[in-house]
Amino acid sequence: MGMRRRGMRNVRILRHNRSMWYQALDGYVEHMRAAGRAVTTIRLRSQHLARAFAWLGCDPYTVTAEQLTGYMAAHEWAPESRRSVRASLQGFYRWAWESGHVVDNPAKRLPTVPVPPPEPHPTPDAVFSEAKSCADERTLLMLNLAALAGLRRAEIAGLHTDDLSGGTLHVTGKGGKERRVPAHPILEEALAALPRGYVFPGRDSGHLSPDRVGRIMADALPGDDWTAHSLRHRFATRAYAGQRDLLTVQQLLGHASVATTQRYTQVPDDALRRAVIDAA
C-alpha cells in the first residue's frame, strides 16, 4: 500500500511538472512573439526547450546550472546544433530571470561552444541542371528563386506577387528586415504570369510553410547533400565571381555582416590561379 501511495505521488508530481513546463514555455513563446522573433526561430527554440524539460523531468524554475550542464554533456550533437540548444536555454532562463521566475540564471554558466567556420557549400551546376530538368513548374520556380535571387526558404514560402515591382523583388527577411533584389528575367516572367496572391499558396489560406518548401526543394535536388540553403550558397558564389564585391553580395543576401557572407561564398578557381601567378 505504501508503495502504491508513493507511485501515485510520483505521478502527481510528474503531472504538476509537465503543467509547469507548458506554462513556462507558453510564457516564453509569448515573449518571443512580442519581440518579433521569426516563426521558424520560435518553433526551433520551443522544440529545444520541450526536449530539455522532458529530459530534466523537474520544475523548469528549479533547474540548477549543474543539471543544465549535465543535459548538454549527455548528448552527442554537432557543434552548430549544440550552440543552438545552448542559445535556446540561455534565452529562456534570461527571460525567466528578468521576469522574476528564478532568482538566479542557471544557464549563464553554460560553457561556450566553439564552432569552426563552415565552408561554402554551393550546389554544383550539374546538380542544379538535373533538378531543373525533372521539376514541375512550381518546384522549378522555387529552385530558381533560391539559385537566381538567393532567397531563403522562408522568404520563398512567403513571397507574394505584389513583391515584384519594377523588375525588383521586395524581400522580407529575418527579423522583418527588408531588402531589394533585382529580378532575373526568368523570375520576372514567371512571377508576372501568376494570378495575384501568394506565389505558393497553402491548401486553406495563406502560403506554404518554410519547412514544406524546403522539403520540396531538397526532394527535387539529386543526392543527399543539396538543399534550398546550398542553392543560396550557389547564388552567393556566382554573384561574387561576377563582381568580386562582397558588400554587394552581402546586400543581396540580406546578411548583417560581411563575415557571414564570406561563409557562403566560394572563391573561384580562376581567382586562386591569378593570385598564384601574381605572386610569382
# chains A, B, ... in the order shown; residues from 1 in each chain; ligands from 1
call {"tool": "select_by_dssp", "arguments": {"residues": "region 45-262 of chain A", "states": "helix (DSSP H, G or I)", "output": "CSV table (one decimal) with N, CA and C atoms, in the first residue's frame"}}
result
chain,number,residue,atom,x,y,z
A,45,ARG,N,13.3,27.2,-31.0
A,45,ARG,CA,13.5,27.3,-29.6
A,45,ARG,C,12.5,26.5,-28.7
A,46,SER,N,11.3,26.4,-29.1
A,46,SER,CA,10.3,25.7,-28.4
A,46,SER,C,10.6,24.2,-28.4
A,47,GLN,N,11.1,23.7,-29.6
A,47,GLN,CA,11.5,22.3,-29.7
A,47,GLN,C,12.6,22.0,-28.8
A,48,HIS,N,13.6,22.8,-28.8
A,48,HIS,CA,14.8,22.6,-27.9
A,48,HIS,C,14.4,22.6,-26.4
A,49,LEU,N,13.6,23.5,-26.0
A,49,LEU,CA,13.2,23.6,-24.6
A,49,LEU,C,12.3,22.4,-24.2
A,50,ALA,N,11.4,22.1,-25.1
A,50,ALA,CA,10.5,20.9,-24.7
A,50,ALA,C,11.3,19.7,-24.5
A,51,ARG,N,12.3,19.4,-25.4
A,51,ARG,CA,13.1,18.2,-25.2
A,51,ARG,C,14.0,18.3,-23.9
A,52,ALA,N,14.5,19.5,-23.6
A,52,ALA,CA,15.3,19.7,-22.4
A,52,ALA,C,14.4,19.5,-21.2
A,53,PHE,N,13.2,20.0,-21.1
A,53,PHE,CA,12.3,19.9,-20.0
A,53,PHE,C,11.9,18.4,-19.8
A,54,ALA,N,11.7,17.7,-20.9
A,54,ALA,CA,11.3,16.3,-20.8
A,54,ALA,C,12.5,15.5,-20.3
A,55,TRP,N,13.7,15.8,-20.6
A,55,TRP,CA,14.8,15.0,-20.2
A,55,TRP,C,15.1,15.4,-18.7
A,56,LEU,N,15.0,16.6,-18.3
A,56,LEU,CA,15.3,17.0,-17.0
A,56,LEU,C,14.2,16.5,-16.0
A,60,PRO,N,10.8,23.5,-14.3
A,60,PRO,CA,11.9,24.3,-15.1
A,60,PRO,C,12.5,25.4,-14.3
A,61,TYR,N,11.7,25.9,-13.3
A,61,TYR,CA,12.2,27.1,-12.5
A,61,TYR,C,13.1,26.6,-11.3
A,62,THR,N,13.2,25.3,-11.1
A,62,THR,CA,14.1,24.8,-10.1
A,62,THR,C,15.4,24.2,-10.6
A,65,ALA,N,22.4,25.0,-12.5
A,65,ALA,CA,23.4,25.0,-13.5
A,65,ALA,C,24.0,23.7,-13.8
A,66,GLU,N,24.2,22.9,-12.7
A,66,GLU,CA,24.8,21.5,-12.9
A,66,GLU,C,23.9,20.6,-13.7
A,67,GLN,N,22.5,20.8,-13.5
A,67,GLN,CA,21.6,19.9,-14.3
A,67,GLN,C,21.6,20.3,-15.8
A,68,LEU,N,21.7,21.6,-16.1
A,68,LEU,CA,21.8,22.0,-17.5
A,68,LEU,C,23.1,21.6,-18.1
A,69,THR,N,24.2,21.7,-17.4
A,69,THR,CA,25.5,21.2,-17.9
A,69,THR,C,25.4,19.7,-18.1
A,70,GLY,N,24.8,19.0,-17.2
A,70,GLY,CA,24.6,17.5,-17.4
A,70,GLY,C,23.8,17.2,-18.6
A,71,TYR,N,22.8,18.0,-18.9
A,71,TYR,CA,21.9,17.8,-20.1
A,71,TYR,C,22.7,18.0,-21.3
A,72,MET,N,23.5,19.0,-21.4
A,72,MET,CA,24.3,19.3,-22.6
A,72,MET,C,25.4,18.2,-22.8
A,73,ALA,N,26.0,17.8,-21.7
A,73,ALA,CA,27.0,16.8,-21.8
A,73,ALA,C,26.5,15.4,-22.2
A,79,PRO,N,28.5,20.6,-33.5
A,79,PRO,CA,28.8,21.9,-32.9
A,79,PRO,C,27.7,23.0,-33.1
A,80,GLU,N,27.2,23.1,-34.3
A,80,GLU,CA,26.1,24.1,-34.6
A,80,GLU,C,24.9,23.8,-33.8
A,81,SER,N,24.5,22.5,-33.8
A,81,SER,CA,23.3,22.1,-33.0
A,81,SER,C,23.5,22.4,-31.5
A,82,ARG,N,24.7,22.1,-31.0
A,82,ARG,CA,25.0,22.3,-29.6
A,82,ARG,C,24.9,23.8,-29.3
A,83,ARG,N,25.4,24.6,-30.1
A,83,ARG,CA,25.4,26.0,-29.9
A,83,ARG,C,24.0,26.5,-29.9
A,84,SER,N,23.2,26.0,-30.8
A,84,SER,CA,21.8,26.4,-30.9
A,84,SER,C,21.0,26.0,-29.7
A,85,VAL,N,21.2,24.8,-29.2
A,85,VAL,CA,20.5,24.4,-28.0
A,85,VAL,C,20.9,25.3,-26.8
A,86,ARG,N,22.2,25.6,-26.7
A,86,ARG,CA,22.7,26.5,-25.6
A,86,ARG,C,22.0,27.8,-25.7
A,87,ALA,N,21.9,28.4,-26.9
A,87,ALA,CA,21.2,29.7,-27.1
A,87,ALA,C,19.8,29.6,-26.7
A,88,SER,N,19.1,28.5,-26.9
A,88,SER,CA,17.7,28.4,-26.5
A,88,SER,C,17.6,28.4,-25.0
A,89,LEU,N,18.4,27.6,-24.3
A,89,LEU,CA,18.4,27.5,-22.9
A,89,LEU,C,18.8,28.9,-22.3
A,90,GLN,N,19.8,29.6,-22.8
A,90,GLN,CA,20.2,30.9,-22.3
A,90,GLN,C,19.1,31.9,-22.5
A,91,GLY,N,18.4,31.9,-23.7
A,91,GLY,CA,17.3,32.8,-23.9
A,91,GLY,C,16.2,32.6,-22.9
A,92,PHE,N,15.8,31.3,-22.7
A,92,PHE,CA,14.7,31.0,-21.8
A,92,PHE,C,15.0,31.5,-20.4
A,93,TYR,N,16.2,31.1,-19.9
A,93,TYR,CA,16.5,31.4,-18.5
A,93,TYR,C,16.8,32.9,-18.3
A,94,ARG,N,17.3,33.6,-19.3
A,94,ARG,CA,17.4,35.0,-19.2
A,94,ARG,C,16.0,35.7,-19.0
A,95,TRP,N,15.1,35.2,-19.9
A,95,TRP,CA,13.7,35.7,-19.7
A,95,TRP,C,13.1,35.4,-18.3
A,96,ALA,N,13.3,34.1,-17.9
A,96,ALA,CA,12.8,33.7,-16.6
A,96,ALA,C,13.4,34.5,-15.4
A,97,TRP,N,14.7,34.9,-15.6
A,97,TRP,CA,15.3,35.7,-14.5
A,97,TRP,C,14.8,37.1,-14.5
A,98,GLU,N,14.7,37.7,-15.8
A,98,GLU,CA,14.2,39.1,-15.9
A,98,GLU,C,12.8,39.2,-15.5
A,106,PRO,N,20.5,30.0,-14.2
A,106,PRO,CA,21.4,28.8,-14.2
A,106,PRO,C,22.1,28.6,-15.6
A,107,ALA,N,21.6,29.2,-16.6
A,107,ALA,CA,22.2,29.0,-17.9
A,107,ALA,C,23.3,29.9,-18.2
A,108,LYS,N,23.6,30.9,-17.4
A,108,LYS,CA,24.6,31.8,-17.7
A,108,LYS,C,26.0,31.2,-17.6
A,109,ARG,N,26.1,30.1,-16.9
A,109,ARG,CA,27.4,29.4,-16.7
A,109,ARG,C,27.6,28.3,-17.6
A,125,ASP,N,26.6,23.0,-60.6
A,125,ASP,CA,25.8,23.3,-61.8
A,125,ASP,C,25.1,22.0,-62.3
A,126,ALA,N,25.8,20.9,-62.3
A,126,ALA,CA,25.3,19.6,-62.8
A,126,ALA,C,24.0,19.2,-62.0
A,127,VAL,N,24.1,19.4,-60.7
A,127,VAL,CA,23.0,19.0,-59.8
A,127,VAL,C,21.8,19.9,-60.0
A,128,PHE,N,22.1,21.2,-60.1
A,128,PHE,CA,21.0,22.2,-60.4
A,128,PHE,C,20.4,21.9,-61.7
A,129,SER,N,21.2,21.7,-62.7
A,129,SER,CA,20.6,21.4,-64.1
A,129,SER,C,19.7,20.2,-64.1
A,130,GLU,N,20.2,19.1,-63.4
A,130,GLU,CA,19.4,17.9,-63.3
A,130,GLU,C,18.1,18.1,-62.6
A,131,ALA,N,18.1,18.9,-61.5
A,131,ALA,CA,16.9,19.1,-60.8
A,131,ALA,C,15.9,19.9,-61.6
A,132,LYS,N,16.4,20.9,-62.4
A,132,LYS,CA,15.5,21.7,-63.2
A,132,LYS,C,14.9,20.9,-64.3
A,133,SER,N,15.6,20.0,-64.9
A,133,SER,CA,15.1,19.2,-66.0
A,133,SER,C,14.0,18.2,-65.5
A,134,CYS,N,13.9,17.9,-64.3
A,134,CYS,CA,12.9,17.0,-63.8
A,134,CYS,C,11.8,17.7,-63.0
A,137,GLU,N,6.5,22.9,-62.7
A,137,GLU,CA,6.5,24.3,-62.8
A,137,GLU,C,6.7,25.0,-61.4
A,138,ARG,N,5.9,24.5,-60.4
A,138,ARG,CA,6.0,25.1,-59.1
A,138,ARG,C,7.4,24.9,-58.5
A,139,THR,N,7.9,23.7,-58.5
A,139,THR,CA,9.2,23.4,-58.0
A,139,THR,C,10.3,24.1,-58.7
A,140,LEU,N,10.2,24.2,-60.0
A,140,LEU,CA,11.2,25.0,-60.8
A,140,LEU,C,11.3,26.4,-60.3
A,141,LEU,N,10.1,27.0,-60.0
A,141,LEU,CA,10.2,28.4,-59.6
A,141,LEU,C,10.8,28.5,-58.2
A,142,MET,N,10.6,27.6,-57.3
A,142,MET,CA,11.2,27.6,-56.0
A,142,MET,C,12.7,27.5,-56.2
A,143,LEU,N,13.2,26.5,-57.0
A,143,LEU,CA,14.6,26.4,-57.2
A,143,LEU,C,15.2,27.6,-57.8
A,144,ASN,N,14.6,28.3,-58.7
A,144,ASN,CA,15.1,29.5,-59.3
A,144,ASN,C,15.1,30.7,-58.4
A,145,LEU,N,14.2,30.7,-57.5
A,145,LEU,CA,14.2,31.8,-56.5
A,145,LEU,C,15.4,31.7,-55.6
A,146,ALA,N,15.8,30.5,-55.3
A,146,ALA,CA,17.0,30.3,-54.4
A,146,ALA,C,18.3,30.5,-55.2
A,147,ALA,N,18.3,30.0,-56.4
A,147,ALA,CA,19.5,30.0,-57.2
A,147,ALA,C,19.8,31.3,-58.0
A,148,LEU,N,18.7,32.0,-58.3
A,148,LEU,CA,18.9,33.2,-59.2
A,148,LEU,C,18.6,34.5,-58.4
A,149,ALA,N,18.1,34.3,-57.1
A,149,ALA,CA,17.9,35.5,-56.3
A,149,ALA,C,18.4,35.4,-54.9
A,153,ARG,N,14.5,29.8,-47.8
A,153,ARG,CA,13.2,29.0,-47.9
A,153,ARG,C,12.0,29.7,-47.3
A,154,ALA,N,12.2,30.4,-46.2
A,154,ALA,CA,11.1,31.2,-45.6
A,154,ALA,C,10.7,32.3,-46.5
A,155,GLU,N,11.7,33.0,-47.1
A,155,GLU,CA,11.4,34.1,-48.0
A,155,GLU,C,10.6,33.6,-49.3
A,156,ILE,N,11.0,32.4,-49.7
A,156,ILE,CA,10.3,31.8,-50.9
A,156,ILE,C,8.9,31.5,-50.5
A,157,ALA,N,8.7,30.9,-49.3
A,157,ALA,CA,7.4,30.5,-48.9
A,157,ALA,C,6.4,31.7,-48.8
A,161,THR,N,2.9,38.0,-55.1
A,161,THR,CA,3.1,38.6,-56.4
A,161,THR,C,3.3,40.1,-56.3
A,162,ASP,N,2.7,40.7,-55.3
A,162,ASP,CA,2.9,42.2,-55.1
A,162,ASP,C,4.4,42.5,-54.8
A,163,ASP,N,5.2,41.5,-54.4
A,163,ASP,CA,6.5,41.8,-54.0
A,163,ASP,C,7.4,42.0,-55.2
A,174,LYS,N,14.8,37.8,-42.4
A,174,LYS,CA,14.8,37.6,-40.9
A,174,LYS,C,14.6,38.8,-40.2
A,175,GLY,N,13.8,38.7,-39.1
A,175,GLY,CA,13.5,39.8,-38.2
A,175,GLY,C,12.7,40.9,-38.9
A,176,GLY,N,12.1,40.6,-40.0
A,176,GLY,CA,11.3,41.6,-40.7
A,176,GLY,C,12.2,42.6,-41.5
A,185,PRO,N,15.4,37.9,-65.4
A,185,PRO,CA,14.3,37.9,-66.4
A,185,PRO,C,13.5,36.6,-66.3
A,186,ILE,N,14.1,35.5,-65.9
A,186,ILE,CA,13.4,34.2,-65.8
A,186,ILE,C,12.4,34.3,-64.7
A,187,LEU,N,12.8,34.9,-63.6
A,187,LEU,CA,11.9,35.1,-62.4
A,187,LEU,C,10.8,36.1,-62.7
A,188,GLU,N,11.2,37.2,-63.3
A,188,GLU,CA,10.3,38.2,-63.6
A,188,GLU,C,9.1,37.7,-64.5
A,189,GLU,N,9.5,37.0,-65.5
A,189,GLU,CA,8.5,36.4,-66.4
A,189,GLU,C,7.6,35.4,-65.7
A,190,ALA,N,8.2,34.5,-64.9
A,190,ALA,CA,7.4,33.5,-64.2
A,190,ALA,C,6.4,34.1,-63.2
A,191,LEU,N,6.9,35.1,-62.4
A,191,LEU,CA,6.0,35.7,-61.4
A,191,LEU,C,5.0,36.6,-62.0
A,192,ALA,N,5.3,37.3,-63.1
A,192,ALA,CA,4.3,38.2,-63.8
A,192,ALA,C,3.1,37.4,-64.4
A,210,PRO,N,7.7,27.3,-44.6
A,210,PRO,CA,9.1,27.2,-45.0
A,210,PRO,C,9.6,25.7,-45.0
A,211,ASP,N,9.1,24.9,-44.0
A,211,ASP,CA,9.5,23.5,-43.9
A,211,ASP,C,9.1,22.8,-45.2
A,212,ARG,N,7.8,23.0,-45.6
A,212,ARG,CA,7.3,22.3,-46.7
A,212,ARG,C,8.1,22.7,-48.0
A,213,VAL,N,8.3,24.0,-48.1
A,213,VAL,CA,9.1,24.5,-49.3
A,213,VAL,C,10.5,23.8,-49.3
A,214,GLY,N,11.1,23.8,-48.1
A,214,GLY,CA,12.4,23.2,-48.0
A,214,GLY,C,12.5,21.7,-48.4
A,215,ARG,N,11.4,21.0,-48.0
A,215,ARG,CA,11.4,19.6,-48.3
A,215,ARG,C,11.1,19.4,-49.8
A,216,ILE,N,10.3,20.2,-50.4
A,216,ILE,CA,10.0,20.1,-51.9
A,216,ILE,C,11.3,20.3,-52.6
A,217,MET,N,12.1,21.3,-52.2
A,217,MET,CA,13.3,21.6,-53.0
A,217,MET,C,14.4,20.5,-52.7
A,218,ALA,N,14.5,20.1,-51.5
A,218,ALA,CA,15.5,19.0,-51.2
A,218,ALA,C,15.2,17.7,-52.0
A,219,ASP,N,13.9,17.4,-52.1
A,219,ASP,CA,13.5,16.2,-52.8
A,219,ASP,C,13.8,16.4,-54.3
A,220,ALA,N,13.7,17.6,-54.8
A,220,ALA,CA,14.0,17.8,-56.2
A,220,ALA,C,15.5,17.7,-56.6
A,228,ALA,N,17.8,23.9,-50.3
A,228,ALA,CA,17.5,25.3,-50.6
A,228,ALA,C,18.7,26.1,-50.2
A,229,HIS,N,19.3,25.8,-49.0
A,229,HIS,CA,20.4,26.6,-48.5
A,229,HIS,C,21.6,26.5,-49.4
A,230,SER,N,21.9,25.3,-49.9
A,230,SER,CA,23.0,25.2,-50.8
A,230,SER,C,22.8,25.9,-52.1
A,231,LEU,N,21.6,26.1,-52.5
A,231,LEU,CA,21.3,26.9,-53.7
A,231,LEU,C,21.6,28.4,-53.4
A,232,ARG,N,21.3,28.8,-52.2
A,232,ARG,CA,21.6,30.2,-51.8
A,232,ARG,C,23.1,30.4,-51.7
A,233,HIS,N,23.9,29.3,-51.3
A,233,HIS,CA,25.3,29.4,-51.4
A,233,HIS,C,25.8,29.5,-52.9
A,234,ARG,N,25.1,28.8,-53.8
A,234,ARG,CA,25.4,28.9,-55.2
A,234,ARG,C,25.2,30.3,-55.7
A,235,PHE,N,24.1,30.9,-55.3
A,235,PHE,CA,23.9,32.3,-55.8
A,235,PHE,C,25.0,33.2,-55.3
A,236,ALA,N,25.3,33.1,-54.0
A,236,ALA,CA,26.4,33.9,-53.4
A,236,ALA,C,27.7,33.7,-54.2
A,237,THR,N,28.0,32.5,-54.4
A,237,THR,CA,29.3,32.2,-55.1
A,237,THR,C,29.4,32.8,-56.5
A,238,ARG,N,28.3,32.6,-57.2
A,238,ARG,CA,28.3,33.1,-58.6
A,238,ARG,C,28.2,34.6,-58.7
A,239,ALA,N,27.4,35.2,-57.7
A,239,ALA,CA,27.4,36.7,-57.7
A,239,ALA,C,28.7,37.3,-57.4
A,240,TYR,N,29.5,36.6,-56.5
A,240,TYR,CA,30.8,37.1,-56.1
A,240,TYR,C,31.8,36.9,-57.3
A,241,ALA,N,31.6,35.8,-58.0
A,241,ALA,CA,32.5,35.5,-59.1
A,241,ALA,C,32.4,36.6,-60.2
A,242,GLY,N,31.1,37.1,-60.4
A,242,GLY,CA,30.9,38.1,-61.4
A,242,GLY,C,31.4,39.5,-61.1
A,243,GLN,N,31.3,39.8,-59.8
A,243,GLN,CA,31.7,41.2,-59.4
A,243,GLN,C,32.9,41.4,-58.5
A,246,LEU,N,32.1,41.7,-52.2
A,246,LEU,CA,31.4,41.1,-51.1
A,246,LEU,C,30.3,41.9,-50.5
A,247,LEU,N,30.5,43.3,-50.5
A,247,LEU,CA,29.5,44.1,-50.0
A,247,LEU,C,28.2,44.0,-50.8
A,248,THR,N,28.3,43.9,-52.1
A,248,THR,CA,27.2,43.8,-53.0
A,248,THR,C,26.5,42.5,-52.7
A,249,VAL,N,27.2,41.4,-52.6
A,249,VAL,CA,26.7,40.1,-52.3
A,249,VAL,C,26.0,40.1,-50.9
A,250,GLN,N,26.6,40.8,-49.9
A,250,GLN,CA,26.0,40.9,-48.6
A,250,GLN,C,24.7,41.5,-48.7
A,251,GLN,N,24.6,42.6,-49.4
A,251,GLN,CA,23.3,43.3,-49.5
A,251,GLN,C,22.2,42.4,-50.2
A,252,LEU,N,22.6,41.7,-51.3
A,252,LEU,CA,21.7,40.9,-52.0
A,252,LEU,C,21.2,39.7,-51.1
A,253,LEU,N,22.0,39.2,-50.2
A,253,LEU,CA,21.6,38.1,-49.3
A,253,LEU,C,20.9,38.6,-48.1
A,258,VAL,N,29.6,41.1,-43.3
A,258,VAL,CA,30.3,40.5,-44.4
A,258,VAL,C,30.9,39.2,-44.0
A,259,ALA,N,31.2,39.0,-42.7
A,259,ALA,CA,31.8,37.8,-42.3
A,259,ALA,C,30.8,36.6,-42.5
A,260,THR,N,29.5,36.8,-42.4
A,260,THR,CA,28.5,35.8,-42.7
A,260,THR,C,28.5,35.5,-44.2
A,261,THR,N,28.6,36.6,-45.0
A,261,THR,CA,28.6,36.4,-46.5
A,261,THR,C,29.8,35.6,-46.9
A,262,GLN,N,30.9,35.8,-46.3
A,262,GLN,CA,32.1,35.0,-46.7
A,262,GLN,C,32.0,33.5,-46.5
call {"tool": "closest_residue", "arguments": {"among": "A:Val276, A:Val181, A:Leu169, A:Val63", "to": "Gly254 (chain A)", "atoms": "only C-alpha atoms"}}
result
A:Val181
call {"tool": "select_by_dssp", "arguments": {"residues": "region 8-169 of chain A", "states": "strand (DSSP E)", "output": "number ranges by chain"}}
result
A: 164-165, 168-169
